[in-house]
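Asker: To start, I am sharing the structure in question, which I have written as structure tokens.
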Amino acid sequence: MFKQFKNKADRFESLIQYVYQQLSWSSDREIEVLRNQKIIGKSGQEHQIDVYYEFQQNGVIHKVIIECKNHQRKIEKGMIQSFKGVLDDVGNATGIFASTNGFQSGAIEYAKYYDIELVTGKEMPMLAKLAAMKIAIML
């Protein structure tokens, strides 16, 4: 049976979660990629995280926070700035911002400066193919 989604945003978040779950799988460690998580930042404020996973390597916990936006327009710099605030408040987190329709130039420059990875809808088929190849290798 197919999972029912409330809206396109839920479907996009689930796709991102699935792809990163497949890309994160490894025979030497189990990483669970979670969706719609609530995380308390250093400020004491709660943040709703679209897609989240963490893993430990060499005694260090690495957190990955993925913001997903299924908007008609390209993402503006202000949205990336807001996401950067969440990353800073959570601390020790890598940020990935996924958008179905791309990013404005100011958003791209800001994200690049702060090492926030940007993923667009155009790249989703490529990520899905990469996940499928990884699954085929495992089988």
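Numbering starts fresh at 1 for the residues of each chain in the structure tokens, the chains themselves are lettered A, B, ... in the order given, and ligands are numbered from 1 as they appear.
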Write out as JSON, numbers by chain the residues lying within 12 Å of region 58-63 of chain A, counting only C-alpha atoms and excluding same-chain residues fewer than 5 positions away.

Answerer: {"A": [31, 32, 33, 34, 39, 49, 51, 52, 53, 87, 88, 90, 91, 92, 93, 94, 95, 96]}

Asker: Just the residues within 12 Å of Gln104 (chain A), please, counting only C-alpha atoms, with nothing from its chain fewer than 4 positions along; format it as an MDAnalysis selection string.

Answerer: chainID A and resid 73:80 99 108:111 118 120

Asker: Now that the selection is made, can you save its residues with C-alpha atoms as a short mmCIF file (atom, residue, chain, number, x, y, z; two decimals), in the first residue's frame?

Answerer:
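Result written to out_17.cif:
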```cif
data_model
loop_
_atom_site.label_atom_id
_atom_site.label_comp_id
_atom_site.auth_asym_id
_atom_site.auth_seq_id
_atom_site.Cartn_x
_atom_site.Cartn_y
_atom_site.Cartn_z
CA ARG A 73 9.85 30.25 -6.33
CA LYS A 74 13.57 30.07 -5.82
CA ILE A 75 14.73 30.22 -2.20
CA GLU A 76 15.78 33.69 -1.02
CA LYS A 77 18.86 34.54 1.07
CA GLY A 78 16.72 35.24 4.16
CA MET A 79 15.64 31.59 4.34
CA ILE A 80 19.26 30.46 4.26
CA SER A 99 14.68 23.05 -2.66
CA ILE A 108 23.78 30.63 -3.17
CA GLU A 109 26.57 33.04 -2.19
CA TYR A 110 25.51 33.09 1.48
CA ALA A 111 25.26 29.29 1.65
CA LEU A 118 22.37 23.26 -1.52
CA THR A 120 17.87 21.35 -6.00
#
```

Asker: Please, what distance in Å, to one decimal, runs between CA of Asn70 (chain A) and CA of Gln37 (chain A)?

Answerer: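 Computing it gives 18.1 Å between the two atoms.
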
Asker: Write out as an mmCIF file with N, CA, C and O atoms, in the first residue's frame which residues come within 8 Å of Phe12 (chain A) when counting only C-alpha atoms, dropping same-chain ones fewer than 4 positions away.

Answerer:
```cif
data_model
loop_
_atom_site.group_PDB
_atom_site.id
_atom_site.type_symbol
_atom_site.label_atom_id
_atom_site.label_comp_id
_atom_site.auth_asym_id
_atom_site.auth_seq_id
_atom_site.Cartn_x
_atom_site.Cartn_y
_atom_site.Cartn_z
ATOM 1 N N LYS A 8 2.442 18.330 -0.675
ATOM 2 C CA LYS A 8 3.671 18.140 -1.446
ATOM 3 C C LYS A 8 4.920 18.279 -0.579
ATOM 4 O O LYS A 8 5.927 17.636 -0.830
ATOM 5 N N ILE A 16 13.510 13.090 0.475
ATOM 6 C CA ILE A 16 14.839 13.465 0.960
ATOM 7 C C ILE A 16 15.283 12.500 2.060
ATOM 8 O O ILE A 16 16.418 12.019 2.074
ATOM 9 N N CYS A 68 13.973 21.248 4.043
ATOM 10 C CA CYS A 68 13.341 20.931 2.759
ATOM 11 C C CYS A 68 12.268 21.970 2.437
ATOM 12 O O CYS A 68 11.397 22.223 3.267
ATOM 13 N N LYS A 69 12.334 22.533 1.248
ATOM 14 C CA LYS A 69 11.329 23.507 0.823
ATOM 15 C C LYS A 69 10.816 23.139 -0.559
ATOM 16 O O LYS A 69 11.582 23.037 -1.520
ATOM 17 N N ASN A 70 9.509 22.960 -0.638
ATOM 18 C CA ASN A 70 8.848 22.669 -1.908
ATOM 19 C C ASN A 70 8.049 23.907 -2.297
ATOM 20 O O ASN A 70 6.840 23.947 -2.171
#
```
